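Raw contents of coords31.txt, compact mmCIF, C-alpha atoms:
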# COMPACT_ATOMS: atom_id res chain seq x y z
CA MET B 1 -39.71 -15.51 5.86
CA LYS B 2 -37.82 -16.78 8.92
CA LYS B 3 -37.25 -20.14 7.22
CA ILE B 4 -35.82 -18.43 4.12
CA THR B 5 -33.50 -16.30 6.27
CA LEU B 6 -32.27 -19.36 8.19
CA PHE B 7 -31.73 -21.23 4.92
CA LEU B 8 -29.62 -18.38 3.49
CA MET B 9 -27.54 -18.17 6.67
CA LEU B 10 -26.96 -21.93 6.57
CA PHE B 11 -26.00 -21.76 2.88
CA ILE B 12 -23.43 -19.02 3.46
CA THR B 13 -22.02 -20.84 6.49
CA LEU B 14 -21.65 -24.07 4.53
CA GLY B 15 -20.03 -22.14 1.70
CA SER B 16 -17.53 -20.58 4.09
CA ASN B 17 -16.77 -23.97 5.64
CA ALA B 18 -16.33 -25.52 2.21
CA GLN B 19 -13.88 -22.77 1.41
CA GLU B 20 -11.83 -23.66 4.48
CA ILE B 21 -11.83 -27.36 3.57
CA ILE B 22 -10.69 -26.72 0.02
CA ARG B 23 -7.97 -24.33 1.09
CA THR B 24 -6.68 -26.87 3.58
CA LYS B 25 -6.76 -29.79 1.16
CA LYS B 26 -5.20 -27.87 -1.70
CA ASP B 27 -2.69 -26.10 0.57
CA ASN B 28 -3.76 -22.79 -0.91
CA ASP B 29 -4.73 -20.08 1.56
CA LEU B 30 -4.48 -17.19 -0.93
CA LYS B 31 -1.34 -15.95 0.81
CA LEU B 32 -0.02 -14.12 -2.23
CA SER B 33 3.06 -11.95 -1.95
CA SER B 34 1.41 -8.93 -3.52
CA LEU B 35 -1.96 -9.09 -1.77
CA PRO B 36 -2.29 -5.43 -0.80
CA TYR B 37 -4.43 -5.85 2.26
CA TYR B 38 -4.55 -7.19 5.78
CA ASN B 39 -7.38 -9.48 6.82
CA TYR B 40 -8.78 -10.64 10.11
CA GLY B 41 -10.67 -13.80 9.29
CA LYS B 42 -11.68 -14.94 5.84
CA GLY B 43 -14.43 -12.53 4.82
CA LEU B 44 -17.65 -13.97 3.39
CA GLY B 45 -17.07 -16.85 0.99
CA ILE B 46 -19.00 -19.24 -1.23
CA THR B 47 -17.63 -22.32 -2.98
CA SER B 48 -19.56 -24.07 -5.75
CA PRO B 49 -20.79 -27.64 -5.02
CA ASP B 50 -18.38 -29.08 -7.60
CA SER B 51 -15.48 -27.12 -6.04
CA LEU B 52 -14.62 -25.54 -9.40
CA PHE B 53 -15.30 -21.96 -8.34
CA GLN B 54 -14.66 -19.94 -5.22
CA PHE B 55 -15.84 -16.41 -4.49
CA ASN B 56 -14.90 -14.40 -1.42
CA ILE B 57 -15.95 -10.82 -0.65
CA ARG B 58 -14.58 -8.29 1.79
CA PHE B 59 -15.01 -4.58 2.41
CA ARG B 60 -13.50 -1.83 4.52
CA ILE B 61 -14.16 1.83 5.17
CA GLN B 62 -12.16 4.62 6.78
CA ASN B 63 -14.18 7.60 8.08
CA ARG B 64 -12.19 10.55 9.38
CA VAL B 65 -12.42 14.12 10.56
CA THR B 66 -9.37 16.41 10.55
CA TYR B 67 -8.61 19.86 11.93
CA PHE B 68 -5.94 21.67 9.88
CA ASP B 69 -3.93 24.69 11.03
CA ASN B 70 -1.52 25.64 8.24
CA GLU B 71 0.68 28.70 8.43
CA ASN B 72 -0.62 31.70 6.43
CA GLN B 73 -4.05 30.05 6.14
CA ASP B 74 -7.23 30.13 8.20
CA PRO B 75 -7.76 26.91 10.22
CA TYR B 76 -10.44 24.57 8.89
CA PHE B 77 -12.14 21.20 9.43
CA GLU B 78 -12.41 18.41 6.87
CA GLY B 79 -14.59 15.31 7.13
CA GLN B 80 -14.54 12.54 4.55
CA VAL B 81 -14.73 8.87 3.74
CA ARG B 82 -11.03 8.56 3.00
CA ARG B 83 -11.20 5.00 1.73
CA LEU B 84 -14.07 2.75 0.72
CA ARG B 85 -12.92 -0.55 -0.75
CA LEU B 86 -14.53 -3.72 -2.05
CA ARG B 87 -12.35 -6.76 -2.56
CA PHE B 88 -13.10 -10.08 -4.23
CA ASP B 89 -10.87 -13.12 -4.55
CA GLY B 90 -11.04 -16.85 -5.19
CA PHE B 91 -10.27 -19.35 -7.90
CA VAL B 92 -11.85 -20.62 -11.10
CA GLY B 93 -11.61 -24.23 -12.31
CA ASN B 94 -8.55 -25.09 -10.23
CA PRO B 95 -7.23 -23.63 -6.93
CA LYS B 96 -3.92 -23.00 -8.70
CA TRP B 97 -5.63 -20.32 -10.83
CA LEU B 98 -6.51 -17.42 -8.58
CA TYR B 99 -8.02 -13.99 -9.08
CA VAL B 100 -7.90 -10.85 -6.94
CA ILE B 101 -10.05 -7.76 -7.53
CA GLN B 102 -10.12 -4.60 -5.44
CA LEU B 103 -12.23 -1.54 -6.23
CA SER B 104 -12.07 1.88 -4.58
CA PHE B 105 -14.81 4.49 -4.26
CA GLY B 106 -13.51 7.14 -1.86
CA ALA B 107 -12.64 10.56 -3.29
CA GLY B 108 -9.08 10.20 -2.04
CA ASP B 109 -8.75 6.88 -3.90
CA VAL B 110 -10.11 7.69 -7.35
CA GLY B 111 -8.53 11.15 -7.49
CA VAL B 112 -9.83 14.35 -9.05
CA GLU B 113 -12.08 13.88 -12.08
CA ARG B 114 -10.51 15.42 -15.21
CA THR B 115 -11.84 15.73 -18.74
CA GLY B 116 -10.55 12.96 -20.98
CA GLU B 117 -9.20 10.78 -18.13
CA ASN B 118 -10.78 7.61 -16.82
CA LEU B 119 -12.25 7.55 -13.31
CA ASN B 120 -9.85 5.03 -11.85
CA VAL B 121 -11.82 2.82 -9.45
CA ILE B 122 -9.64 -0.24 -10.20
CA ARG B 123 -6.90 -0.78 -7.63
CA ASP B 124 -6.21 -4.47 -8.20
CA ALA B 125 -7.28 -6.76 -11.02
CA ILE B 126 -4.89 -9.66 -11.37
CA VAL B 127 -4.89 -13.37 -12.23
CA TYR B 128 -2.35 -15.62 -10.53
CA TYR B 129 -1.01 -19.05 -11.38
CA ARG B 130 0.32 -20.72 -8.25
CA PRO B 131 1.87 -24.08 -9.16
CA SER B 132 3.18 -24.63 -5.61
CA LYS B 133 3.29 -22.98 -2.23
CA LYS B 134 6.62 -21.35 -3.10
CA TRP B 135 5.96 -20.00 -6.58
CA GLN B 136 3.41 -17.59 -7.97
CA LEU B 137 3.09 -15.74 -11.26
CA GLY B 138 0.61 -12.95 -11.83
CA PHE B 139 -0.65 -10.90 -14.75
CA GLY B 140 -2.61 -7.70 -14.26
CA VAL B 141 -2.48 -4.66 -12.03
CA THR B 142 -1.44 -4.79 -8.37
CA LYS B 143 1.23 -3.42 -6.06
CA LEU B 144 4.87 -3.60 -7.00
CA PRO B 145 7.26 -5.11 -4.43
CA GLY B 146 8.30 -1.82 -2.83
CA THR B 147 8.82 -0.86 0.81
CA ARG B 148 6.98 -2.72 3.53
CA GLN B 149 4.70 0.24 4.26
CA THR B 150 3.82 0.55 0.57
CA VAL B 151 3.05 -3.16 0.23
CA ASN B 152 1.01 -3.24 3.43
CA SER B 153 -2.64 -2.45 3.08
CA SER B 154 -3.74 1.03 4.09
CA GLY B 155 -6.05 -0.88 6.41
CA ALA B 156 -3.04 -2.37 8.21
CA LEU B 157 -1.36 0.93 9.07
CA GLN B 158 -0.89 2.30 12.56
CA LEU B 159 -1.40 5.88 11.41
CA SER B 160 -4.15 7.11 9.11
CA ASP B 161 -1.86 7.57 6.09
CA ARG B 162 1.52 6.37 4.88
CA SER B 163 4.55 8.56 5.39
CA VAL B 164 5.29 11.62 3.27
CA ASN B 165 8.23 9.68 1.77
CA ASN B 166 6.07 6.75 0.70
CA MET B 167 3.71 9.20 -0.97
CA ARG B 168 6.50 10.78 -3.04
CA PHE B 169 9.09 7.99 -3.46
CA GLY B 170 6.86 4.90 -3.40
CA ILE B 171 6.47 2.82 -6.58
CA ASP B 172 2.90 1.70 -5.79
CA ARG B 173 0.73 -0.18 -8.35
CA ASP B 174 1.43 -1.02 -11.98
CA PHE B 175 0.14 -3.25 -14.78
CA GLY B 176 2.21 -6.18 -16.06
CA PHE B 177 3.78 -9.45 -14.93
CA HIS B 178 4.45 -10.11 -11.24
CA PHE B 179 6.58 -12.95 -9.85
CA ALA B 180 7.41 -14.29 -6.39
CA ASN B 181 9.39 -17.11 -4.81
CA LEU B 182 8.48 -17.54 -1.13
CA ASN B 183 10.63 -19.48 1.33
CA GLU B 184 9.13 -18.76 4.74
CA VAL B 185 9.59 -21.11 7.71
CA LYS B 186 8.63 -20.69 11.35
CA ASP B 187 11.60 -20.01 13.71
CA ARG B 188 14.19 -20.56 10.96
CA PHE B 189 16.00 -18.29 8.53
CA SER B 190 13.62 -17.41 5.69
CA TYR B 191 13.81 -15.43 2.48
CA ASN B 192 11.64 -14.25 -0.41
CA PHE B 193 12.44 -13.11 -3.94
CA LYS B 194 10.01 -10.88 -5.80
CA ALA B 195 10.09 -9.22 -9.22
CA ALA B 196 7.88 -7.46 -11.75
CA VAL B 197 8.05 -6.30 -15.36
CA THR B 198 5.36 -3.69 -15.87
CA MET B 199 4.22 -0.76 -17.99
CA GLY B 200 5.63 1.89 -15.67
CA GLU B 201 2.60 4.22 -15.81
CA GLY B 202 0.72 3.25 -12.68
CA ARG B 203 -2.59 1.55 -12.09
CA ASN B 204 -4.63 1.19 -15.25
CA TRP B 205 -4.10 4.81 -16.29
CA THR B 206 -5.28 6.10 -19.67
CA THR B 207 -6.02 9.52 -21.13
CA ASN B 208 -7.40 10.94 -24.36
CA ASN B 209 -7.39 14.57 -23.26
CA PRO B 210 -6.17 16.69 -26.21
CA ASN B 211 -5.10 19.45 -23.80
CA ILE B 212 -2.49 17.20 -22.21
CA HIS B 213 0.88 17.13 -23.91
CA VAL B 214 1.39 13.56 -25.14
CA ILE B 215 4.93 12.24 -24.87
CA LYS B 216 5.78 10.45 -28.10
CA ASP B 217 8.76 8.47 -26.80
CA ASP B 218 6.91 6.58 -24.07
CA ASN B 219 7.42 2.92 -24.92
CA GLY B 220 9.64 2.09 -21.94
CA LEU B 221 8.95 -0.54 -19.29
CA SER B 222 9.48 -0.71 -15.53
CA TYR B 223 11.65 -3.40 -13.92
CA THR B 224 11.47 -4.19 -10.20
CA GLY B 225 13.36 -6.67 -8.02
CA LYS B 226 13.24 -7.25 -4.28
CA ILE B 227 14.71 -9.57 -1.64
CA GLU B 228 13.30 -10.05 1.87
CA LEU B 229 15.23 -11.69 4.71
CA LEU B 230 13.68 -13.00 7.93
CA PRO B 231 16.63 -14.17 10.07
CA PHE B 232 14.48 -15.51 12.93
CA GLY B 233 11.70 -16.98 10.81
CA THR B 234 8.18 -15.82 10.10
CA PHE B 235 6.09 -13.50 12.24
CA LYS B 236 2.88 -14.65 13.91
CA LYS B 237 0.00 -14.74 11.41
CA ASP B 238 2.17 -13.07 8.73
CA GLY B 239 2.85 -10.13 11.04
CA HIS B 240 5.25 -8.55 8.54
CA TYR B 241 2.16 -7.64 6.49
CA PHE B 242 0.66 -5.34 9.14
CA GLU B 243 2.08 -2.61 11.35
CA GLY B 244 2.33 -2.71 15.12
CA ASP B 245 2.87 -5.74 17.33
CA ILE B 246 -0.81 -6.30 18.01
CA LEU B 247 -0.17 -10.05 18.51
CA ARG B 248 2.69 -9.43 20.99
CA GLU B 249 5.40 -11.62 19.48
CA PRO B 250 6.78 -13.97 22.18
CA LYS B 251 10.19 -14.05 20.46
CA PRO B 252 12.02 -11.24 18.64
CA LYS B 253 11.17 -11.16 14.93
CA VAL B 254 13.00 -9.16 12.28
CA MET B 255 12.69 -8.56 8.55
CA VAL B 256 15.08 -6.58 6.35
CA SER B 257 14.50 -5.97 2.66
CA GLY B 258 15.91 -4.18 -0.33
CA ALA B 259 14.24 -3.31 -3.63
CA TYR B 260 15.33 -1.62 -6.85
CA ASN B 261 13.14 -0.20 -9.60
CA PHE B 262 14.19 1.12 -13.00
CA ASN B 263 11.45 2.89 -14.90
CA ALA B 264 12.46 3.54 -18.52
CA LYS B 265 10.90 6.52 -20.31
CA ALA B 266 8.48 7.24 -17.48
CA ARG B 267 5.74 9.82 -17.99
CA LYS B 268 4.94 10.76 -14.38
CA ALA B 269 6.91 12.74 -11.79
CA SER B 270 7.17 9.79 -9.38
CA GLY B 271 7.23 7.03 -11.99
CA GLN B 272 3.94 5.22 -11.41
CA THR B 273 2.34 8.23 -9.69
CA GLY B 274 2.46 12.01 -9.72
CA ASP B 275 1.82 14.74 -12.28
CA LEU B 276 2.46 14.18 -15.96
CA LEU B 277 5.92 15.15 -17.17
CA LEU B 278 6.50 17.11 -20.36
CA GLU B 279 9.17 14.69 -21.61
CA ALA B 280 9.83 11.02 -20.91
CA ARG B 281 12.57 10.31 -18.37
CA ASP B 282 14.46 7.27 -17.10
CA MET B 283 14.46 7.04 -13.32
CA SER B 284 15.84 4.67 -10.68
CA SER B 285 14.54 4.01 -7.17
CA VAL B 286 16.29 2.34 -4.23
CA LEU B 287 14.07 1.16 -1.36
CA LEU B 288 15.47 -0.28 1.89
CA ASP B 289 13.63 -1.08 5.10
CA ALA B 290 13.73 -3.06 8.32
CA ILE B 291 11.05 -4.01 10.84
CA ALA B 292 11.28 -5.65 14.26
CA LYS B 293 8.60 -6.82 16.70
CA TYR B 294 8.74 -8.21 20.22
CA ASN B 295 6.35 -8.32 23.17
CA GLY B 296 4.21 -5.39 21.99
CA TRP B 297 7.07 -3.27 20.71
CA ALA B 298 7.45 -2.55 16.99
CA LEU B 299 10.19 -0.63 15.19
CA MET B 300 10.37 0.27 11.50
CA ALA B 301 13.05 2.17 9.61
CA THR B 302 12.99 2.95 5.89
CA TYR B 303 15.24 4.62 3.33
CA MET B 304 13.95 5.65 -0.12
CA SER B 305 15.58 7.48 -3.00
CA ARG B 306 14.92 8.33 -6.64
CA THR B 307 17.43 9.57 -9.22
CA SER B 308 17.15 10.72 -12.83
CA LYS B 309 19.92 11.93 -15.12
CA ASP B 310 18.01 15.05 -16.23
CA PRO B 311 15.01 15.56 -13.92
CA ILE B 312 13.75 18.82 -15.44
CA THR B 313 11.39 18.33 -18.40
CA GLN B 314 10.35 21.02 -20.86
CA ASN B 315 7.39 21.44 -23.16
CA PRO B 316 8.86 21.41 -26.72
CA LEU B 317 6.08 23.77 -27.80
CA ASP B 318 6.59 26.23 -24.91
CA ALA B 319 10.07 26.51 -23.39
CA THR B 320 8.71 28.44 -20.39
CA GLN B 321 6.68 25.43 -19.25
CA THR B 322 8.69 22.95 -17.18
CA ARG B 323 8.00 20.08 -14.78
CA ALA B 324 10.37 18.01 -12.68
CA VAL B 325 10.87 14.35 -11.79
CA PHE B 326 10.62 14.08 -8.00
CA THR B 327 14.21 13.14 -7.13
CA GLY B 328 15.96 13.02 -3.78
CA HIS B 329 15.84 10.76 -0.74
CA GLY B 330 13.91 10.27 2.47
CA MET B 331 14.04 8.38 5.76
CA ASP B 332 11.24 7.21 8.08
CA TYR B 333 11.53 6.04 11.68
CA GLN B 334 8.51 4.52 13.43
CA LEU B 335 8.27 3.21 17.02
CA SER B 336 5.21 1.87 18.84
CA TYR B 337 4.02 -0.14 21.82
CA VAL B 338 0.73 -2.05 22.15
CA PHE B 339 -0.49 -2.46 25.73
CA PRO B 340 -2.24 -5.69 26.79
CA SER B 341 -5.45 -3.61 26.86
CA LYS B 342 -5.05 -3.14 23.05
CA TYR B 343 -4.30 0.56 23.33
CA GLU B 344 -1.26 1.62 21.33
CA LEU B 345 1.11 4.56 21.40
CA ILE B 346 3.04 5.35 18.21
CA ALA B 347 5.53 7.97 17.01
CA ARG B 348 6.84 8.53 13.48
CA PHE B 349 9.51 10.92 12.25
CA SER B 350 10.08 11.51 8.53
CA ILE B 351 12.86 13.45 6.79
CA GLN B 352 12.57 14.25 3.09
CA LYS B 353 15.38 15.89 1.11
CA VAL B 354 14.75 16.76 -2.52
CA ALA B 355 17.65 16.80 -5.00
CA ASN B 356 19.39 20.13 -5.58
CA GLU B 357 18.26 20.17 -9.23
CA ILE B 358 14.58 20.39 -8.23
CA ARG B 359 14.81 22.60 -5.12
CA ALA B 360 12.90 25.30 -6.98
CA TYR B 361 9.97 22.90 -7.49
CA SER B 362 9.60 21.19 -4.09
CA PRO B 363 10.59 21.98 -0.49
CA ASN B 364 12.44 19.79 1.97
CA THR B 365 10.04 18.33 4.52
CA ASP B 366 10.28 17.21 8.14
CA GLN B 367 7.20 15.56 9.63
CA PHE B 368 6.56 14.28 13.16
CA THR B 369 3.42 12.38 14.23
CA LEU B 370 2.15 11.10 17.57
CA GLY B 371 -0.74 8.64 17.58
CA LEU B 372 -3.04 6.80 19.98
CA ASN B 373 -4.96 3.74 18.75
CA LYS B 374 -7.52 1.39 20.22
CA TYR B 375 -7.72 -2.04 18.55
CA ILE B 376 -11.16 -3.54 19.04
CA TRP B 377 -10.85 -6.32 16.45
CA GLU B 378 -7.22 -6.16 15.40
CA HIS B 379 -6.80 -3.85 12.37
CA ALA B 380 -10.30 -4.72 11.13
CA LEU B 381 -12.04 -2.53 13.73
CA LYS B 382 -9.99 0.22 15.33
CA LEU B 383 -10.11 3.80 16.55
CA GLN B 384 -7.22 6.08 15.61
CA GLY B 385 -6.20 9.52 16.83
CA GLU B 386 -3.10 11.45 15.83
CA ILE B 387 -1.46 14.86 15.75
CA THR B 388 1.10 15.80 13.09
CA ASN B 389 3.53 18.69 12.82
CA GLU B 390 5.13 19.47 9.47
CA THR B 391 7.94 21.87 8.52
CA LEU B 392 8.52 22.85 4.89
CA GLN B 393 11.89 24.41 3.93
CA TYR B 394 11.96 26.21 0.57
CA ALA B 395 14.95 26.99 -1.63
CA ASN B 396 14.58 30.75 -1.05
CA GLY B 397 15.08 30.30 2.69
CA ASN B 398 11.41 30.60 3.65
CA SER B 399 9.77 27.98 5.84
CA LEU B 400 6.22 27.03 6.73
CA LYS B 401 4.98 25.17 9.79
CA ASN B 402 1.73 23.22 9.51
CA TRP B 403 -0.07 20.82 11.81
CA TYR B 404 -3.25 18.79 11.94
CA LEU B 405 -5.31 16.82 14.45
CA ARG B 406 -7.22 13.76 13.19
CA PHE B 407 -9.67 11.11 14.38
CA GLN B 408 -10.46 8.06 12.25
CA ILE B 409 -12.60 4.91 12.54
CA GLU B 410 -11.86 1.86 10.41
CA VAL B 411 -14.07 -1.19 9.98
CA GLY B 412 -13.78 -4.10 7.58
CA ILE B 413 -14.06 -7.82 7.05

The structure given in the file should be rewritten as structure tokens.
Amino acid sequence: MKKITLFLMLFITLGSNAQEIIRTKKDNDLKLSSLPYYNYGKGLGITSPDSLFQFNIRFRIQNRVTYFDNENQDPYFEGQVRRLRLRFDGFVGNPKWLYVIQLSFGAGDVGVERTGENLNVIRDAIVYYRPSKKWQLGFGVTKLPGTRQTVNSSGALQLSDRSVNNMRFGIDRDFGFHFANLNEVKDRFSYNFKAAVTMGEGRNWTTNNPNIHVIKDDNGLSYTGKIELLPFGTFKKDGHYFEGDILREPKPKVMVSGAYNFNAKARKASGQTGDLLLEARDMSSVLLDAIAKYNGWALMATYMSRTSKDPITQNPLDATQTRAVFTGHGMDYQLSYVFPSKYELIARFSIQKVANEIRAYSPNTDQFTLGLNKYIWEHALKLQGEITNETLQYANGNSLKNWYLRFQIEVGI
């Protein structure tokens, strides 16, 4: 039994080493622009003896407990596995043909089960053709080139969740064609162009529920374009793909970016996400952000907005039933410092203003969070604690003040 165990360990080690050799020789490290995750190390990989197939597996989990104290409600505790992900990637036949698969199993990932709707465990399922280090073309479902916090993996965040603005204004995942032109150089001006032409309905969503009003005029597509500028060159170990200056940049590093998305005849309140609308609507999103890192300090600022010509939709069979496109704008400001001991202090302030046309449907929101993290193995093994205060301002003049206290452990490979 010991001999078999040693043989298997040796086999996996050789497979992982072969993976490194092939990636080095072929100049293909799977650094794809839309990879929606941060990694420390390479995971567990196997390459076939003829080098025609490569398979790599990773996982990560986020376990959390939260104490909620919302105004006009009794306080309560909540414990859950917020995220449980399996990820597979590699190539088939030729390292220029890559695949990326990511599956989710946490309740917060797959959503509430509804009659007639698929249980959506697929987060990413995409095939890439990468003819050179600069160019990549993908077909399938993955993240659109939105804000930096949206594109970053949830496993690479400093706080347990993305901001309230990213949740409502983010463009997230979609199925279709994804393109990127990468021009990143160390210590020199760098830039990236990214684009996507997709279905506009979010990640692999389908429904055959007869109780849901089906929009007939829903044959529009979503068009996304983005430019990223790195005036001082690339960050250490692709540091613009994870939050916080955990690597303590020895020189100041900055990235600014701008993205635009037009979703024609969208069916959901936030384009790719949100509740179903009662009529199709065109909507436009503008997404701007900037990040800076130096010597343990990290700063991030983001602006997001969504507009629609007529955001209120109405059920043609029942005029009293209406739903609204989530329009308005929001701003996030995030500042942190990582001590040499790998403890980190972080503060985030978010302001969300909904458009006047939908004030009756959604409140304005201000949210402030303070966090304390301990990085044991970069973002792959960390302890996170945070306290958040939230103020909701309603159109009738009423306001609610909520807050929560949370502890989370993340582990992954």

Worksheet item: So how many Å separate CA of Gly108 in chain B and CA of Glu243 in chain B, to one decimal?
Response: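 Answer for the CA of Gly108 in chain B to CA of Glu243 in chain B separation: 21.6 Å.
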
Worksheet item: From the list B:Val65, B:Ala195, B:Leu345, B:Leu392, which residue is nearest Gly296 in chain B when using all atoms listed in the file?
Response: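 Closest residue, counting all atoms listed in the file: B:Leu345.
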
Practice prompt. Check the smallest atom-to-atom distance from each of B:Ser154, B:Thr302, B:Thr234, B:Gln73 to Arg188 in chain B using all atoms listed in the file, then report the winner.
Written response: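 Closest to Arg188 in chain B of all the choices is B:Thr234.
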
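Using only C-alpha atoms, the smallest distance between any of B:Leu370, B:Ala319, B:Val325, B:Leu44 and Thr273 in chain B comes from B:Val325.
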
Worksheet entry | Top pick for closest residue to Ser270 in chain B, considering B:Arg406, B:Arg148, B:Arg323, B:Arg58 and counting all atoms listed in the file |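 Looking only at the distances to Ser270 in chain B, the closest residue turns out to be B:Arg323.
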
Discussion item. Just the number, please: distance in Å from CA of Ser285 in chain B to CA of Gly140 in chain B, one decimal.
Written reply: 21.9 Å

Worksheet entry | Best match for closeness to Lys143 in chain B among B:Tyr129, B:Tyr404, B:Trp297, B:Phe179, counting all atoms listed in the file |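 With all atoms listed in the file as the atom set, the closest residue is B:Phe179.
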
Item to complete: Might you pull out every residue within 10 Å of Asn389 in chain B, with only C-alpha atoms counted and same-chain residues fewer than 6 positions away left off, and present them as a list in words?
Response: Asp69, Asn70, Phe349, Asp366, Gln367, Phe368, Thr369, Leu370, Lys401, Asn402, Trp403, Tyr404 and Leu405 of chain B

Discussion item. Applying 10 Å and only C-alpha atoms, which residues near Phe53 in chain B remain after dropping the ones on its own chain fewer than 5 positions away? List them as a VMD selection string.
Written reply: chain B and resid 19 46 to 48 90 to 95 98
